[in-house]
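J.: Let me give you the structure first, and then I'll get to my questions.
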Protein chains: 8
Amino acid sequence: MNIESLNHLLQQVQSGAASIEQALEKLKHLPFEETGCAHIDHHRTLRCGMPEVIFCPGKTTDQIVDIFSRLAAQGNNVLATRADENTFQALKAKLPDVQFETAARAIILRQEEDKPKVGHIALVTAGTGDIPVAEEARVTADLMNQNVQTIYDVGVAGLHRLLSHSREIQNANVVIAVAGMEGALASVIGGMVAVPVIAVPTSIGYGASFGGIAPLLTMLNSCAAGVSVVNIDNGFAAGYIAAIINNQTTGDNK
Amino acid sequence: MNIESLNHLLQQVQSGAASIEQALEKLKHLPFEETGCAHIDHHRTLRCGMPEVIFCPGKTTDQIVDIFSRLAAQGNNVLATRADENTFQALKAKLPDVQFETAARAIILRQEEDKPKVGHIALVTAGTGDIPVAEEARVTADLMNQNVQTIYDVGVAGLHRLLSHSREIQNANVVIAVAGMEGALASVIGGMVAVPVIAVPTSIGYGASFGGIAPLLTMLNSCAAGVSVVNIDNGFAAGYIAAIINNQTTGDNK
Amino acid sequence: MNIESLNHLLQQVQSGAASIEQALEKLKHLPFEETGCAHIDHHRTLRCGMPEVIFCPGKTTDQIVDIFSRLAAQGNNVLATRADENTFQALKAKLPDVQFETAARAIILRQEEDKPKVGHIALVTAGTGDIPVAEEARVTADLMNQNVQTIYDVGVAGLHRLLSHSREIQNANVVIAVAGMEGALASVIGGMVAVPVIAVPTSIGYGASFGGIAPLLTMLNSCAAGVSVVNIDNGFAAGYIAAIINNQTTGDNK
Amino acid sequence: MNIESLNHLLQQVQSGAASIEQALEKLKHLPFEETGCAHIDHHRTLRCGMPEVIFCPGKTTDQIVDIFSRLAAQGNNVLATRADENTFQALKAKLPDVQFETAARAIILRQEEDKPKVGHIALVTAGTGDIPVAEEARVTADLMNQNVQTIYDVGVAGLHRLLSHSREIQNANVVIAVAGMEGALASVIGGMVAVPVIAVPTSIGYGASFGGIAPLLTMLNSCAAGVSVVNIDNGFAAGYIAAIINNQTTGDNK
Amino acid sequence: MNIESLNHLLQQVQSGAASIEQALEKLKHLPFEETGCAHIDHHRTLRCGMPEVIFCPGKTTDQIVDIFSRLAAQGNNVLATRADENTFQALKAKLPDVQFETAARAIILRQEEDKPKVGHIALVTAGTGDIPVAEEARVTADLMNQNVQTIYDVGVAGLHRLLSHSREIQNANVVIAVAGMEGALASVIGGMVAVPVIAVPTSIGYGASFGGIAPLLTMLNSCAAGVSVVNIDNGFAAGYIAAIINNQTTGDNK
Amino acid sequence: MNIESLNHLLQQVQSGAASIEQALEKLKHLPFEETGCAHIDHHRTLRCGMPEVIFCPGKTTDQIVDIFSRLAAQGNNVLATRADENTFQALKAKLPDVQFETAARAIILRQEEDKPKVGHIALVTAGTGDIPVAEEARVTADLMNQNVQTIYDVGVAGLHRLLSHSREIQNANVVIAVAGMEGALASVIGGMVAVPVIAVPTSIGYGASFGGIAPLLTMLNSCAAGVSVVNIDNGFAAGYIAAIINNQTTGDNK
Amino acid sequence: MNIESLNHLLQQVQSGAASIEQALEKLKHLPFEETGCAHIDHHRTLRCGMPEVIFCPGKTTDQIVDIFSRLAAQGNNVLATRADENTFQALKAKLPDVQFETAARAIILRQEEDKPKVGHIALVTAGTGDIPVAEEARVTADLMNQNVQTIYDVGVAGLHRLLSHSREIQNANVVIAVAGMEGALASVIGGMVAVPVIAVPTSIGYGASFGGIAPLLTMLNSCAAGVSVVNIDNGFAAGYIAAIINNQTTGDNK
Amino acid sequence: MNIESLNHLLQQVQSGAASIEQALEKLKHLPFEETGCAHIDHHRTLRCGMPEVIFCPGKTTDQIVDIFSRLAAQGNNVLATRADENTFQALKAKLPDVQFETAARAIILRQEEDKPKVGHIALVTAGTGDIPVAEEARVTADLMNQNVQTIYDVGVAGLHRLLSHSREIQNANVVIAVAGMEGALASVIGGMVAVPVIAVPTSIGYGASFGGIAPLLTMLNSCAAGVSVVNIDNGFAAGYIAAIINNQTTGDNK
C-alpha cells in the first residue's frame, strides 16, 4: 500500500464510499513498503499494537540504517535490539535523536508523546548476570509507555531477598521473571501471585546449563500454573507481552 | 496453620488486635492441610486465583480420591487432569456430582455459582489430533467462568481455513494456539493479533517431531512477538493463564 | 579368595606370620564368590560400608534368587531394588523372612541387630508422585540404621508448605531433596541449610521434562552451593550417601 | 582414467571396436583426476548434470586454487562455496575471470554459453538475515542457467507480505523457502502451491533455535505434503535441486 | 464453498459476470467444509494437486469415517495413512469399495479414472525392514497415477546389488531412497543420477539409530547435491513429492 | 549373476580364456539372489568372511523363514539375531536342525565342519544384566569357529573381581568389553592390554543412561587408546570383529 | 534488615525483650544489602556456613569490585571464581591484600584466623588438563580451613598410578574426583572407599565428550553407590560440599 | 615403584630369587614417575605396546615440555598430538631432534630403530577436509613402524573413485575410514572387505552434521558388520588400533 492507494482509501472514507470499518479492515491487512532487501511492515502498530522491531544480528549496518530510517519516517517510536556501538554511531549520524541503551544493547528513538501510565510490571532477575536480558525487556516496555519496577539479584538461593519484595511483586498486573542457571525463580514467583508470569530463561551459566536449556526446561515444567515462557535471552518478547497484558488490564488498549 | 491458630487470628481481628489487612496477609501465606502423602494447599484460591489442581499420573487412586475430597470440602470447583475412567468411577462412588470430560481426560466438580461472563478466549487448534489438549484448556477455562470460542483443525497448510475465522480470533482478549507437528500456527496467529497468544505444543506427530520438541522449538522461536509458550500437551496451564488474562482485561479479578 | 586361601591367611595371623593389619588389608581387596552369571562381592561391607545391592531389572528371577541367597548367607542385611511382586514371591519361598516394601519397590531382609540411632536425615519431596523414589531412599537408609524424617509434597509452588518445616530441615545432618517436573526444590533447600543436600531428579512429569532431564539439569545448575546430584529416580544412591554422611557426622562409622 | 586410457577408448570408438553406447557407459562411470590431496570428479557433469562444486571450509587456499584450476580447465562453469576474500584474491591472481558474489560468499567462473531460459524458480526468505543463504541458492541456480525470482523478507508474522506475492510463487515450477528462527514459511508456502517446495533452514536466530535445529524440525514436520528439506544453511543444494527440477519440467534436460 | 456457491460462481462465468481467471482465483483460495471436529479442505486438489489426506493417529474412528466419507463424496481418490484393521472395517461398512493396503498400513478408495502413465519413479530401499515405509510411498504415488519401479533390499553393504539396478535407477525421473540404520543409500544414489532424490529415513534400527535420527542426519548431510529429505518414516510425503515432480517432467500436470 | 553367466565364466576358466584370479575377482563382486522382498547376498562369505546375517526386527516371519532357508541352501552356517520363540518354531518346522540360543536371542544353524581353534577372545561384562548382549557376541564368534572365554559381572565398582582375571584377559588376542550404566569397564581394560578392545555399550541402566547413550559416550571418549566401539547392544558386530581379528592374528584367515 | 532494625533488635536482646534464640533466628533469615545491581546476602555465613561467593562471568568489573568490597567489609574470607587478571588488578587497587590463584582462576581475600585442621579431603584428577577445575576446589576448601591432599593425573588407563595412592584416598573423610573425557575415575574410586565421593565432570576432551556431557553421564550412572555429582567444571561446589562434609565428620561445625 | 624397589627387584632376578617372568609381571603393573602435575606412565610400552602419548590441549607449554622430555629420556619414540607451532618451538629449543607434522598437528621424536615392515594399513578419506585427522592417524601408525597407504578424497558421491582403489583396500590387513558430513564411506568399505574397518568420524561439515555427530551415528549404525568406531576427529586412536591389529596379523607383536 503506497501513498496513492492510502490517499484513495481515505478519500473514499471522506466521501462515504467506504465505511470507517471497511477502511480499518483494509489498513489492518495490507500495507507494507518494499525495499531492496526487506518488506517493512508499517501497519504492525495497527494490527499488533507495536511497530516492527529490528533484530540486528545477520543484517548489515546499511540494512539496519535503511530499515530504521523508514520506520522512523512513520512517526512512531523505533526499537533495534542486539545492537552494537558501531551500528549506533552509523544511525546517530543520520538520526541524531537516537539513544543507545548500553546495558540492554538496544537503540531507541522516542517520537511518540508520553501518555499517563497505569498499573505496573514487576521485572525480577535471579542474578546480576541476568540484567542485560532484563534491561532489554525494560527498554521495550518503557518504549510502550509502561511503569516497570525492577527487582534485580533476588535468586532463590536466598529466599529472604525475594520475599522482602513480595508486596511489589504481588501488586503488579504482570510479572517478568528472568533467570539463568537453574531458573527456579519463575516457579517460586508463580506460586506467589495471581497474575501472569512471563518467564525468560537466560544463557547465563556454564556446563550443564547448555546455553540456557536448563532454565528453559525448568520454566516449561513449572509446577506453578501461571507461568508461560519465551525464548532464551528474549527480553524483547517478555517486555512486549507484559506491556500488552498490562495495557489490557488497565484498559489502556481500548 | 491449624484450627487453633486460625481461631486465634480471628479473635485478634474481632478484638482489633489485628487489622483485616494483617489477617489477610497471614492467611495468604500460611494454611495448608497435611495428609499422609500430601500437603494440600487450601488457600491457593486466595493467593493465585484458583484452587490446587490434581495432576493424576504417578498418584494412586486412593491418593487422588483423598486429595479431591478434601479440596471439594472447601466448596470450590475442583479439577483433576490426565484422569482415567477407573479413577472417575472411584471418585463418583464418593462424590456423585463429579463429571468426566472424556475428550479432555479431566474430572471436574462444579460447586461455585456461575458469574456473568465478559469477553472471550479464542481456542484454536491446527489439527483434529490436537483436540484432546485443547479440550483440557477449554475445561479449565470454563471451570474458571470463561467464554471460550473453539476453532479446531485450521492448520497453516490451508490458510483460508484460518483466515475465515480471523474476526473471532482478532476480537478475543487472549488466544490459545494448540499445534503439534511443525507448530507454525502460533506464529501465524501471533502476526494477526494485538493480544497475548498462549502457545501449546502437542505431542501429535511422529519421527522428527520427537514427542513435541519440534512444535515447542517452533513456538519458542516465533518471529511474532506476542507469543509465549507452555509445556508440551499442557492444556491446563494454557487455559489457566488465558483465564487470568481475560479476567484482568475485563476487570473480573477486581 | 576361596576357602583355602582364607584358611591360609587366618593361620598366618594365628601364627604371627601375618599381622592383623596385613590380613585386614588383604581381606579388604580380594574376596568374591563366582557363580555362573555373577561375581558376588562379599566384602563390600568392609570396603564400602554396605553389602552389594541387587538392581533387579535385566536379571532373571533365578539369578536374583541365587544372588540374594548367597548375600543372605553372609549374615548381613540384604536389599534388592526395582523388584516386582513375582520376584518377591520367588524369594519368599526360599527365604521366608524377606519383606516387600511396596511403595519403594524394594525387597529387604533384616538380619543385623539395630544399633542406637543418632542424628537424622531429612527426606523431602516436591510432589506426591515423587514418593516412590523417596521411599527407595528411605528403605535404604533405614536398612543402614538411620533416622529418616519424611516431609512429602512441599514443592516450591506453595513455599509456605516448605517453610513450615524449616526447623526439621535445618536440624538434619543431611537433606535428600526429591523432585520431578522443574526440580526447583533442591535449590531452595540448598539456600536454607548449612549441610549437604543430595538432590534426586525424578521422571515424574511429561512433555519437556523429558523423563527427568529437566529436573536433572535444574539440580546440576543449582545456584545454591551445597547441592550434589544422583541419577534420575536413583533413590537408592541418595539414601546410601545420606546414610554414610550422617554416620560420619555422628561418629557412627568409627 | 588418464589421458592414455581416454585416447584408447576413443580410438576404439573410431575403429568400431567399441560402440558409442559402450563408450558412454564407461565415461559415465570412470574418469577422475588424482592430485596429491584430491580425486577430482571431472565427469560429474555427465552423470549428475553439474560439475563438482568446491566446499571451501577445511581446505587450504593452495588446495582450493589447485582444484578450481583443474575444474576450470575442463571448460565448464565452476563454483566454490563458503569462500572468503583471501581465497578469491588468490584465485583471481591465477584465473582473472573469476567473480566474487559477496552476499552469497561464492566464487564463480562462467565459461559456458547462456542458453534461453524457460520457467522460473521462486526463491523466498522469511527475513533479511536469511539472505546470504538464499543468495548461495540463487548463484548456484543462476550458474545452471535458471530464471530465479527472489522474494525476500516475507515471513509469516506479516502474512499480507507473503500473500501479495502469491501469484509469482504459484506460477513457479519449484519454490525454495529459506527461513531461520521458527521456519514456518515452508509450511505456509507448501499449502499454497502444487509444485515441489525445497525448504532450507538457516542458523539465523538465537537461544532455542539451536543453530538452526528449530527451523529444521519445523520443516521436516511440515503438515504440507510437498515440502522436502536440505541441510541447515545449505543454499547450494537447494539451488541445485531446484535447477534440475525446473530443467526437467521445461524439458531442458533432454 | 458448498454446491450453491460453486453453482453461483459458474453461472457468473457463463454469463460473463466473472472472468475465468477471477473464478479460478476464487476457487483456489476459499472453500472448505466445517464439521464438528474438522475443517475439511475440499479444493486442495485444485491448489496442491491432491486431495487432503487423512493421517489416522490421534483421531477417533468416528472422526476418520466422517472425514473420509466427506472427501469421498467429492468424487476424488481418497487416502488414509497409518490406519489399522479396525478403522478399515468401520470404513468398509460404510464405503464398500475401500481397500486396505496391509504392508503400507493405508486405506484407499479409487474413484478417478486411470490416465496413461508417462515416465517412472524408482523406489529403492536399503533393507527388508524399510518396506512398510516404501509401500506407503508406492501406494500414494500409485493413487496419483504414477509408474513406480520398486527395488527393495539393496543397501550399500553389498554395493553390487545396487549397481546391478543402476540402469532403471538412472532412467527414472525421480528416485525415492528409503533407508534406516545408517541411511547411506541416499548419498550413494545421489552420486549416480542427475535427477532429484527424495530421501526417507526410517526408524528401523536400534541403539544409536535413535528412532531414525541417525539416517535423518546422514541424509541431511549428504555429500551428493541432489538429495532432499522428508520426515522419518514419511513415505506419504516422498510418494507425493515424487509424483508431482514426475508429473511436471512428463508434462502431465499441464 | 544368474546361472547362465556363472556357467559362462566357469567355461572361460576351464578353457583358459579367464584366469582363476580373474574369475575370483568377478565372483567376489557380483552374485546375489533376488526374492520378492530381498536381495540375498550369497557370496558375502567370499568377500567379507561370513555369510549374510538376518536381523529379525521389522521382518515378517515369512520373510525370515524364506531368507534363512535360501542362505541355508548354500551349505554355510546361518545366524538370525534378535529372534523370538515364534520365529524359531516356524523355522524349526522347515529346518529341524536349527537351534535357539535363548540368552542370546539368536537362531543358528551349524552346517560347516569345525576347524581346530587357535588363540582366544576374552569376553567381559560389567554386570549380570549385560549378559544377553555378550551372549549374542559369543554365539556369533562361536559360529565363526572361535575360542571365547567369558568373564561376566566384573564391573569396576569392585576392581578386585576384574583384576583376578587379568591373566586370561591379557593373554587374549582381542577383548570384548560389554557394559551398560557408566561403561567404565572398557577404559580400565584398555589400560591393561596391548591388544584391540571392542567396546559394546548396552542399554542396561535407567535415567541418565538414556538407553545406552551414557556408556556409548564413555567408551568413545576412552582415555585408553586401543578401544573402538560398536552400536548400543550390538553384540553381533563385536563378536564378528573379534573373530576376524583373532583369525588374522592366528593366521586362520590365510 | 538495615542498621536501624539491627540496632532495634540488639536493644531488645539487651533489655531482655527478645531472647538470644529469637534474635539468632531473625538474623538467620533476613539481612541483605541492596546495591544498584545486587542484593548481597551478608548472613549466608550464618545460614549456609560460608559467605556468598562471586561468580564473575556476566558481571562488569565495576560490579565485581563493588560486591567484593562490601563482602570484605564484613570481615569474612572472600572468594571470586572464574576471574581474570584484569579484574584482579582492579580489585588489588582497592583491596591490596587480595591474592590471585592463577591455576584456579580465583581471587581470594583471607581475613579470618586459621583454626586447627582435622581430617582431610582427597582431591584426585584423571589428567593434567583437569587441574584448573581441581584447583578451584582446592582453593575453596582451603579458604574454608581444610586439609586437602591433591593426587593429580591418575586416570584409569593406568590403574597402578591410582592404586599406589589408595591409602591416602581410603583414609580421607571425603573424596573429590575430577575427570573429563570418559570420567571413569569416579566409579573406580567409588568402589574403593566407604566415604562420600563428590564427582566433578570437566569439559576437557573433544568430539563426543560434548563439552563435558560424556563424563557427566558417566558419573551420574556410576555403578558405585557413594558417588554424587556437581555441574561440569564446578570445582567450587565440590570444594564447598567436601568442606562441609569434612567439617561435620570432624565435629568442626559444632 | 621407586628406585630402591626397582633395584631390589633386579637383584632378586640376578640372584635367581625371582624369575624373569615374575619380574616382568611386576614391571608390567607398577612403575611410573611422579612430577608436580603428572604421573608419567613409563612402562605403558610394555603393557600396551606404545609409550604414553601427550594430548596437548588443556596443558601449559611448560607441562608439555616437561612430560615430553621425561618420556624422551626413556629412549622411545615420543608423540604429542593437537600441538601448535609455539609448543613445537619450545620443545625444539630443548630437544633439537623433534619434528612438526604440520598437517597432522603432531610433534614427534624418533629414537627407535626402524624394523622391517610387513603388511599394510589402508587409510581412506571421504574428502580433502578430512585429511588433517587422517594425517594424525598416519603419523601415529608410522611412528609404530607401519606401512600406510593413503587414499584421500574418495567419498561415496563418486563411487568410481573409491572402486578404482578397491584392490589396495581389499589387500590391506586393516582399513581406516575417515569421513565427515554423512560418513557413509565406512559402510561402503565395510561391505567390500573381510578385515576390520576402523571408522573415524570428523567434525568436517556444517549445520546438521553437529560437529561430527552425524558421521558418528552413521558409522555406529553401519549395516556392514566389520566396522568399529572411535571418537570424532580421533585420528590417533585409529592409527594406534590399526597398528596393533596389523602387528598381530603379521606376527610382529610376538
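Labeling convention for the C-alpha cells: chains A, B, ... as they appear, residues from 1 per chain, ligands from 1 in order of appearance.
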For the alpha helix (DSSP H) assignment from backbone DSSP, which residues of range 160-241 of chain G qualify? Please present them as a VMD selection string.

T.: chain G and resid 160 to 163 166 to 170 185 to 190 213 to 220 235 to 241

J.: Any chance you can output those residues with N, CA, C and O atoms as a short mmCIF file (atom, residue, chain, number, x, y, z; two decimals), in the first residue's frame?

T.:
data_model
loop_
_atom_site.label_atom_id
_atom_site.label_comp_id
_atom_site.auth_asym_id
_atom_site.auth_seq_id
_atom_site.Cartn_x
_atom_site.Cartn_y
_atom_site.Cartn_z
N HIS G 160 47.60 -48.64 38.07
CA HIS G 160 48.63 -48.69 39.11
C HIS G 160 48.92 -47.30 39.68
O HIS G 160 49.26 -47.16 40.83
N ARG G 161 48.79 -46.26 38.84
CA ARG G 161 49.01 -44.91 39.35
C ARG G 161 48.01 -44.57 40.44
O ARG G 161 48.34 -44.01 41.48
N LEU G 162 46.74 -44.93 40.21
CA LEU G 162 45.70 -44.67 41.19
C LEU G 162 45.87 -45.57 42.42
O LEU G 162 45.81 -45.11 43.56
N LEU G 163 46.11 -46.86 42.18
CA LEU G 163 46.17 -47.81 43.29
C LEU G 163 47.34 -47.51 44.22
O LEU G 163 47.28 -47.79 45.42
N SER G 166 46.15 -45.56 47.09
CA SER G 166 44.89 -46.00 47.67
C SER G 166 44.80 -45.69 49.16
O SER G 166 43.73 -45.41 49.67
N ARG G 167 45.95 -45.72 49.85
CA ARG G 167 45.88 -45.48 51.29
C ARG G 167 45.38 -44.06 51.61
O ARG G 167 44.45 -43.87 52.38
N GLU G 168 46.00 -43.04 50.96
CA GLU G 168 45.57 -41.68 51.29
C GLU G 168 44.16 -41.38 50.79
O GLU G 168 43.48 -40.51 51.33
N ILE G 169 43.73 -42.12 49.77
CA ILE G 169 42.34 -41.95 49.32
C ILE G 169 41.39 -42.61 50.31
O ILE G 169 40.39 -42.02 50.71
N GLN G 170 41.71 -43.81 50.75
CA GLN G 170 40.81 -44.53 51.66
C GLN G 170 40.77 -43.92 53.06
O GLN G 170 39.80 -44.10 53.79
N LEU G 185 36.97 -42.29 36.41
CA LEU G 185 37.67 -42.22 37.70
C LEU G 185 36.73 -42.30 38.90
O LEU G 185 37.01 -42.97 39.90
N ALA G 186 35.59 -41.60 38.82
CA ALA G 186 34.68 -41.54 39.96
C ALA G 186 34.15 -42.92 40.33
O ALA G 186 34.05 -43.25 41.51
N SER G 187 33.81 -43.73 39.33
CA SER G 187 33.29 -45.06 39.63
C SER G 187 34.35 -45.93 40.27
O SER G 187 34.07 -46.67 41.22
N VAL G 188 35.57 -45.87 39.76
CA VAL G 188 36.63 -46.71 40.31
C VAL G 188 36.91 -46.31 41.76
O VAL G 188 37.02 -47.16 42.64
N ILE G 189 37.01 -45.02 42.02
CA ILE G 189 37.22 -44.58 43.40
C ILE G 189 36.01 -44.93 44.27
O ILE G 189 36.15 -45.39 45.40
N GLY G 190 34.82 -44.74 43.73
CA GLY G 190 33.61 -45.07 44.48
C GLY G 190 33.60 -46.51 44.96
O GLY G 190 33.03 -46.83 46.01
N ILE G 213 29.57 -33.47 28.63
CA ILE G 213 28.37 -34.31 28.79
C ILE G 213 28.77 -35.76 29.02
O ILE G 213 28.16 -36.46 29.84
N ALA G 214 29.81 -36.23 28.32
CA ALA G 214 30.20 -37.64 28.46
C ALA G 214 30.60 -37.96 29.90
O ALA G 214 30.03 -38.88 30.51
N PRO G 215 31.55 -37.24 30.51
CA PRO G 215 31.87 -37.59 31.90
C PRO G 215 30.72 -37.31 32.86
O PRO G 215 30.57 -38.01 33.87
N LEU G 216 29.88 -36.32 32.57
CA LEU G 216 28.72 -36.06 33.41
C LEU G 216 27.81 -37.29 33.45
O LEU G 216 27.42 -37.77 34.52
N LEU G 217 27.50 -37.84 32.28
CA LEU G 217 26.62 -39.02 32.24
C LEU G 217 27.31 -40.21 32.90
O LEU G 217 26.67 -40.98 33.62
N THR G 218 28.60 -40.38 32.63
CA THR G 218 29.33 -41.48 33.27
C THR G 218 29.17 -41.42 34.78
O THR G 218 28.87 -42.42 35.44
N MET G 219 29.37 -40.24 35.33
CA MET G 219 29.34 -40.09 36.78
C MET G 219 27.94 -40.26 37.35
O MET G 219 27.74 -40.87 38.40
N LEU G 220 26.93 -39.75 36.63
CA LEU G 220 25.55 -39.92 37.10
C LEU G 220 25.15 -41.39 37.10
O LEU G 220 24.34 -41.83 37.91
N GLY G 235 34.29 -26.80 40.13
CA GLY G 235 35.22 -27.10 41.22
C GLY G 235 34.79 -26.44 42.52
O GLY G 235 34.95 -27.01 43.60
N PHE G 236 34.23 -25.25 42.44
CA PHE G 236 33.80 -24.53 43.64
C PHE G 236 32.82 -25.35 44.47
O PHE G 236 33.01 -25.55 45.68
N ALA G 237 31.74 -25.82 43.82
CA ALA G 237 30.74 -26.57 44.58
C ALA G 237 31.35 -27.82 45.21
O ALA G 237 31.04 -28.16 46.36
N ALA G 238 32.22 -28.50 44.47
CA ALA G 238 32.84 -29.72 45.02
C ALA G 238 33.67 -29.38 46.25
O ALA G 238 33.60 -30.08 47.27
N GLY G 239 34.43 -28.31 46.17
CA GLY G 239 35.25 -27.92 47.32
C GLY G 239 34.39 -27.55 48.51
O GLY G 239 34.69 -27.91 49.66
N TYR G 240 33.29 -26.84 48.23
CA TYR G 240 32.39 -26.39 49.29
C TYR G 240 31.72 -27.59 49.97
O TYR G 240 31.68 -27.70 51.20
N ILE G 241 31.18 -28.51 49.16
CA ILE G 241 30.48 -29.67 49.73
C ILE G 241 31.45 -30.54 50.51
O ILE G 241 31.15 -31.00 51.62
#

J.: Given a cut-off of 6 Å, which residues of chain A touch chain G, counting only C-alpha atoms, written out as a PDB file with C-alpha atoms, in the first residue's frame?

T.:
ATOM      1  CA  GLY A 129      24.390 -11.580  35.154  1.00  0.00           C
ATOM      2  CA  ASP A 153      19.506 -10.265  42.007  1.00  0.00           C
ATOM      3  CA  HIS A 160      14.519 -13.738  52.055  1.00  0.00           C
ATOM      4  CA  GLY A 207      28.412 -26.646  31.858  1.00  0.00           C
TER       5      GLY A 207
END

J.: Can you tell me, as a list in words, what residues are no more than 8 Å from Val195 in chain A when counting only C-alpha atoms, ignoring any on the same chain fewer than 6 positions away?

T.: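 Contacts, in chain order: Ala172, Asn173, Val174, Val175 and Gly226 of chain A; Cys48, Ile244 and Ile245 of chain B.
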
J.: Would you list the contacts of Pro132 in chain A as a PyMOL selection string, taking every protein, DNA or RNA residue within 7 Å and counting only C-alpha atoms, but skipping same-chain residues closer than 3 positions in sequence?

T.: chain A and resi 103-104+135-136

J.: What gap, in Å, lies between CA of Ala242 in chain D and CA of Thr140 in chain D?

T.: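 It comes out at 9.7 Å.
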